[in-house]
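Colleague: Just passing along the structure, written as structure tokens.
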Amino acid sequence: MVQRILQPGEIEGLDHNAIPRLLLPQPDSLFKARALRLRELAQGKIKGIPVDAGMQGYLVLMAALADAQAAVVGKLAPGAVPAADPDALRRAMQHRMPVLPVNGARPPVLRDIFASLLDELAATAASQPALSGGLTQVLAQLRALDAPDLDACADAVLDENGDNLNPMHAPFVAAALQILWSVSASELRAARVPDLETGTLCPVCGSHPVASVIRIGGQSQGYRYLHCGICESEWHMVRVKCSTCEQNGKIAYQGLDAADAKPFDPVTAKDDKLPNKANDPKKVARAETCDDCHSYRKVFNQEHDYNVEPLADDLASLMLDLLVGEAGYQRASGNPLLWMGRSEGSEGQQA
């Protein structure tokens, strides 16, 4: 293979130690990988994330939804999703604002994406009898939503307002929003996305993260990223730092014993720096708790399971939510594929 010779100035411009601060989504592969992971989780194949029998059917349904998302993305015509406005990009850079804010105007193509998503799911329901009963009924309700109803549901999803949502409709509307925003985000240049004043919100769209993930490979090796539940972007945040209040003095990690789904003793941030045991199921999925703000957000570790998928793994690890909630911590933000209402005093819907 012939290697290109770098021109003067190019070598100096390389920073081999730079941490990629922003990983933009790849929707062509993202939703396919999510569907595969959801099915593996439903089948109990993932060590470290035991799944209750009552949750398996829902994971299979969400896998079908992810498949439908992948199909819609694959059929989108070039340019169907409008590119970011250059003037808006310049303003965002100047004022350190999200470049594709979720509180901005939504293009009309969202309704086309939503209709295509329902068509794909209808075909799934017709071919998979195990899903057809409940799914067909929900699809009929979703098709009956008029434009104001769909907009109101989308507003509530983006505002994380579970009180104003039908919990059976919200995941499907959220899925359409994910398609729209992930395709838009994938067309950005990471260098043109400014850092925000806070590290706790997505720099692309301004949404809260669903969970965090420790990545492996290349310049991302061993670094923690927060994963956005709407545009699917990931941004770097140092490990052992609360992703809600950004304090780092009272962080601990709590997880499950995969053998019997019981909690094991929490480890402190100091303990977490002890030598790593490779492929440790107890470190695949853990809750990072903060005693400064009494919130938690889950962290999934690719060092211990190469195929971790933050949104899918978060959805499947509800037992961890329950145990950490019983210990007195509030979930910092919700998962767009599961809506169970808002608990008193919480910042987002509780899973």
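Simple scheme: letters A, B, ... for chains in structure tokens order, numbers from 1 for residues in each chain, numbers from 1 for ligands in the order shown.
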As a CSV table (one decimal) with C-alpha atoms, in the first residue's frame, please: the residues near region 186-192 of chain A (cut-off 10 Å, only C-alpha atoms, same-chain neighbours under 2 positions excluded).
Modeller:
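Here's the written file around20.csv:
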```
chain,number,residue,atom,x,y,z
A,20,PRO,CA,-11.8,12.8,20.8
A,21,ARG,CA,-14.2,15.1,22.7
A,22,LEU,CA,-17.2,14.3,20.5
A,23,LEU,CA,-18.3,11.1,18.7
A,24,LEU,CA,-21.0,11.8,16.2
A,25,PRO,CA,-23.6,9.0,15.5
A,26,GLN,CA,-23.6,6.6,12.5
A,27,PRO,CA,-27.3,5.9,12.1
A,28,ASP,CA,-26.6,3.5,9.2
A,81,VAL,CA,-33.3,15.7,6.4
A,82,PRO,CA,-32.4,19.3,6.0
A,83,ALA,CA,-28.8,20.2,6.7
A,84,ALA,CA,-28.0,22.5,9.7
A,89,LEU,CA,-24.1,27.0,13.2
A,90,ARG,CA,-22.1,30.3,13.4
A,92,ALA,CA,-23.9,28.3,18.1
A,93,MET,CA,-20.1,28.5,17.8
A,99,VAL,CA,-25.9,23.4,17.1
A,100,LEU,CA,-29.1,21.3,16.6
A,181,TRP,CA,-31.7,14.1,15.0
A,182,SER,CA,-29.2,11.3,14.5
A,183,VAL,CA,-29.2,11.8,10.7
A,184,SER,CA,-28.8,15.5,11.2
A,194,PRO,CA,-18.7,24.0,20.4
A,195,ASP,CA,-18.3,22.8,24.0
A,204,VAL,CA,-25.1,18.8,19.6
A,231,CYS,CA,-29.3,12.7,18.6
A,232,GLU,CA,-27.2,9.6,19.7
A,233,SER,CA,-24.0,11.7,19.9
```
Colleague: I want to know what sits within 8 Å of Ala174 (chain A), based on only C-alpha atoms, with residues of the same chain fewer than 2 positions away left out; could you give that as a ChimeraX atom specification?
Modeller: /A:154,157,170-172,176-178,230,336-337
Colleague: If we count only C-alpha atoms and set the cut-off at 10 Å, which residues sit around Ala64 (chain A), ignoring sequence neighbours fewer than 3 positions away in its own chain? Please answer as JSON, numbers by chain.
Modeller: {"A": [35, 36, 38, 39, 58, 59, 60, 61, 67, 68, 69, 70, 120, 121, 124, 125, 128, 131]}
Colleague: What is the distance between CA of Cys228 (chain A) and CA of Leu30 (chain A), in Å to one decimal?
Modeller: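 Separating CA of Cys228 (chain A) from CA of Leu30 (chain A) is a distance of 12.9 Å.
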Colleague: Can you tell me, as JSON, numbers by chain, what residues are no more than 6 Å from region 285-301 of chain A when counting only C-alpha atoms, ignoring any on the same chain fewer than 3 positions away?
Modeller: {"A": [211, 212, 213, 214, 250, 251, 252, 253, 254, 255, 304, 329, 330, 331, 332]}
Colleague: Generate a file of the selected residues that holds N, CA and C atoms, formatted as an mmCIF file, in the first residue's frame.
Modeller:
```
data_model
loop_
_atom_site.group_PDB
_atom_site.id
_atom_site.type_symbol
_atom_site.label_atom_id
_atom_site.label_comp_id
_atom_site.auth_asym_id
_atom_site.auth_seq_id
_atom_site.Cartn_x
_atom_site.Cartn_y
_atom_site.Cartn_z
ATOM 1 N N ALA A 211 -27.087 7.599 29.545
ATOM 2 C CA ALA A 211 -26.140 6.848 30.361
ATOM 3 C C ALA A 211 -24.745 7.241 29.904
ATOM 4 N N SER A 212 -23.741 6.700 30.553
ATOM 5 C CA SER A 212 -22.385 6.907 30.075
ATOM 6 C C SER A 212 -21.775 5.563 29.708
ATOM 7 N N VAL A 213 -20.721 5.629 28.900
ATOM 8 C CA VAL A 213 -20.087 4.413 28.402
ATOM 9 C C VAL A 213 -18.579 4.628 28.372
ATOM 10 N N ILE A 214 -17.853 3.624 28.812
ATOM 11 C CA ILE A 214 -16.398 3.652 28.734
ATOM 12 C C ILE A 214 -15.996 2.936 27.456
ATOM 13 N N LYS A 250 -17.744 12.590 46.067
ATOM 14 C CA LYS A 250 -18.544 11.563 46.744
ATOM 15 C C LYS A 250 -19.166 10.604 45.734
ATOM 16 N N ILE A 251 -18.334 10.098 44.833
ATOM 17 C CA ILE A 251 -18.785 9.184 43.785
ATOM 18 C C ILE A 251 -18.539 7.746 44.217
ATOM 19 N N ALA A 252 -19.498 6.882 43.952
ATOM 20 C CA ALA A 252 -19.334 5.445 44.180
ATOM 21 C C ALA A 252 -20.028 4.705 43.050
ATOM 22 N N TYR A 253 -19.732 3.420 42.935
ATOM 23 C CA TYR A 253 -20.304 2.605 41.860
ATOM 24 C C TYR A 253 -20.995 1.397 42.470
ATOM 25 N N GLN A 254 -22.197 1.133 41.989
ATOM 26 C CA GLN A 254 -22.968 0.015 42.504
ATOM 27 C C GLN A 254 -23.460 -0.825 41.328
ATOM 28 N N GLY A 255 -23.437 -2.125 41.509
ATOM 29 C CA GLY A 255 -23.825 -3.017 40.430
ATOM 30 C C GLY A 255 -24.565 -4.231 40.928
ATOM 31 N N HIS A 304 -15.255 -4.448 29.457
ATOM 32 C CA HIS A 304 -15.719 -5.728 30.000
ATOM 33 C C HIS A 304 -16.782 -6.398 29.131
ATOM 34 N N TYR A 329 -31.248 6.995 45.887
ATOM 35 C CA TYR A 329 -30.752 7.848 44.814
ATOM 36 C C TYR A 329 -31.823 8.020 43.741
ATOM 37 N N GLN A 330 -31.860 9.210 43.130
ATOM 38 C CA GLN A 330 -32.807 9.491 42.066
ATOM 39 C C GLN A 330 -32.124 9.403 40.717
ATOM 40 N N ARG A 331 -32.824 8.833 39.778
ATOM 41 C CA ARG A 331 -32.296 8.750 38.420
ATOM 42 C C ARG A 331 -32.212 10.160 37.831
ATOM 43 N N ALA A 332 -31.072 10.478 37.225
ATOM 44 C CA ALA A 332 -30.835 11.840 36.752
ATOM 45 C C ALA A 332 -31.679 12.187 35.532
#
```
Colleague: Quick one: pull the distance between CA of Met168 (chain A) and CA of Pro148 (chain A), Å, one decimal.
Modeller: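 Distance reported for this atom pair: 17.8 Å.
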Colleague: Which of these residues is nearest to Asp313 (chain A), using only C-alpha atoms: A:Val193, A:Ala88, A:Leu41, A:Ala147?
Modeller: A:Leu41
Colleague: Let's see if you can do this: from backbone DSSP, list all alpha helix (DSSP H) residues in region 84-261 of chain A, as a PyMOL selection string.
Modeller: chain A and resi 86-95+109-127+129-143+147-159+170-186
Colleague: Between CA of Val72 (chain A) and CA of Arg106 (chain A), what is the spacing in Å?
Modeller: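 The value is 17.9 Å.
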Colleague: Would you mind telling me which residue in A:Arg143, A:Gly133, A:Leu338, A:Gly218 lies nearest to Met55 (chain A) when using only C-alpha atoms?
Modeller: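 With only C-alpha atoms as the atom set, the closest residue is A:Leu338.
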Colleague: For Leu165 (chain A), find every residue with an atom within 7 Å (counting only C-alpha atoms), except residues of its own chain fewer than 2 positions away, and show them as a list in words.
Modeller: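 Within the cut-off, the hits are Cys153, Ala156, Gly162, Asp163, Pro167 and Ala170 of chain A.
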Colleague: According to DSSP computed on the backbone, where in region 138-334 of chain A is there strand (DSSP E or B)? Give the residues as a ChimeraX atom specification.
Modeller: /A:209-214,224-228,234-236,251-257,262-263,267-268,285-290,295-301,330-331
Colleague: Would you please work out which residue, of A:Leu323, A:Ala71, A:Val138, A:Ile216, is nearest to Asn307 (chain A) when using only C-alpha atoms?
Modeller: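 Distance minimum relative to Asn307 (chain A) lands on A:Ile216.
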Colleague: I'd like the neighbourhood of Gly199 (chain A) as a short mmCIF file (atom, residue, chain, number, x, y, z; two decimals) with N, CA and C atoms, in the first residue's frame, where a residue qualifies if any of its atoms comes within 12 Å (using only C-alpha atoms), though same-chain residues fewer than 4 positions away should be ignored.
Modeller:
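Generated output (around35.cif):
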```
data_model
loop_
_atom_site.label_atom_id
_atom_site.label_comp_id
_atom_site.auth_asym_id
_atom_site.auth_seq_id
_atom_site.Cartn_x
_atom_site.Cartn_y
_atom_site.Cartn_z
N ARG A 21 -13.26 14.55 21.74
CA ARG A 21 -14.21 15.10 22.69
C ARG A 21 -15.64 14.83 22.28
N LEU A 22 -15.89 14.53 21.01
CA LEU A 22 -17.24 14.31 20.51
C LEU A 22 -17.24 13.20 19.48
N ARG A 96 -21.51 29.33 22.20
CA ARG A 96 -21.36 28.02 22.86
C ARG A 96 -22.73 27.41 23.18
N MET A 97 -23.53 27.28 22.14
CA MET A 97 -24.87 26.70 22.26
C MET A 97 -24.94 25.41 21.44
N PRO A 98 -25.93 24.55 21.72
CA PRO A 98 -26.12 23.36 20.88
C PRO A 98 -26.38 23.76 19.43
N PRO A 194 -19.36 23.37 19.28
CA PRO A 194 -18.66 23.95 20.43
C PRO A 194 -18.93 23.20 21.72
N ASP A 195 -18.03 23.30 22.67
CA ASP A 195 -18.29 22.83 24.02
C ASP A 195 -19.29 23.78 24.67
N PRO A 203 -23.72 18.53 23.58
CA PRO A 203 -23.31 19.72 22.85
C PRO A 203 -23.95 19.84 21.47
N VAL A 204 -24.49 18.73 20.96
CA VAL A 204 -25.12 18.77 19.64
C VAL A 204 -26.55 19.28 19.74
N GLY A 206 -28.45 19.50 23.04
CA GLY A 206 -28.85 20.05 24.32
C GLY A 206 -29.64 19.10 25.20
N SER A 207 -29.79 17.85 24.81
CA SER A 207 -30.54 16.88 25.61
C SER A 207 -29.69 16.32 26.75
N HIS A 208 -30.36 15.70 27.72
CA HIS A 208 -29.64 15.01 28.78
C HIS A 208 -29.11 13.67 28.26
N PRO A 209 -28.03 13.19 28.84
CA PRO A 209 -27.56 11.85 28.48
C PRO A 209 -28.44 10.76 29.08
N TYR A 225 -17.65 8.48 27.96
CA TYR A 225 -18.48 9.36 27.15
C TYR A 225 -19.92 9.30 27.64
N LEU A 226 -20.59 10.41 27.58
CA LEU A 226 -22.02 10.47 27.86
C LEU A 226 -22.77 10.29 26.55
N HIS A 227 -23.83 9.49 26.58
CA HIS A 227 -24.57 9.14 25.37
C HIS A 227 -25.92 9.84 25.34
N GLU A 234 -22.12 11.23 21.37
CA GLU A 234 -21.44 10.96 22.64
C GLU A 234 -20.36 12.01 22.86
N TRP A 235 -20.29 12.53 24.09
CA TRP A 235 -19.28 13.54 24.38
C TRP A 235 -18.49 13.14 25.62
N HIS A 236 -17.23 13.52 25.62
CA HIS A 236 -16.31 13.09 26.66
C HIS A 236 -16.57 13.82 27.98
N MET A 237 -16.57 13.05 29.04
CA MET A 237 -16.52 13.59 30.40
C MET A 237 -15.58 12.71 31.20
N VAL A 238 -14.70 13.33 31.97
CA VAL A 238 -13.72 12.56 32.72
C VAL A 238 -14.43 11.57 33.64
N LYS A 241 -16.64 11.53 37.87
CA LYS A 241 -17.20 12.87 37.99
C LYS A 241 -18.69 12.76 37.76
N CYS A 242 -19.47 13.35 38.63
CA CYS A 242 -20.92 13.23 38.52
C CYS A 242 -21.40 13.91 37.24
N SER A 243 -22.17 13.20 36.46
CA SER A 243 -22.68 13.74 35.19
C SER A 243 -23.94 14.57 35.39
N THR A 244 -24.32 14.79 36.66
CA THR A 244 -25.46 15.67 36.97
C THR A 244 -24.99 16.98 37.59
N CYS A 245 -24.18 16.90 38.65
CA CYS A 245 -23.75 18.12 39.33
C CYS A 245 -22.27 18.45 39.09
N GLU A 246 -21.56 17.55 38.44
CA GLU A 246 -20.16 17.73 38.05
C GLU A 246 -19.20 17.78 39.25
N GLN A 247 -19.64 17.27 40.41
CA GLN A 247 -18.75 17.13 41.55
C GLN A 247 -18.06 15.77 41.48
#
```
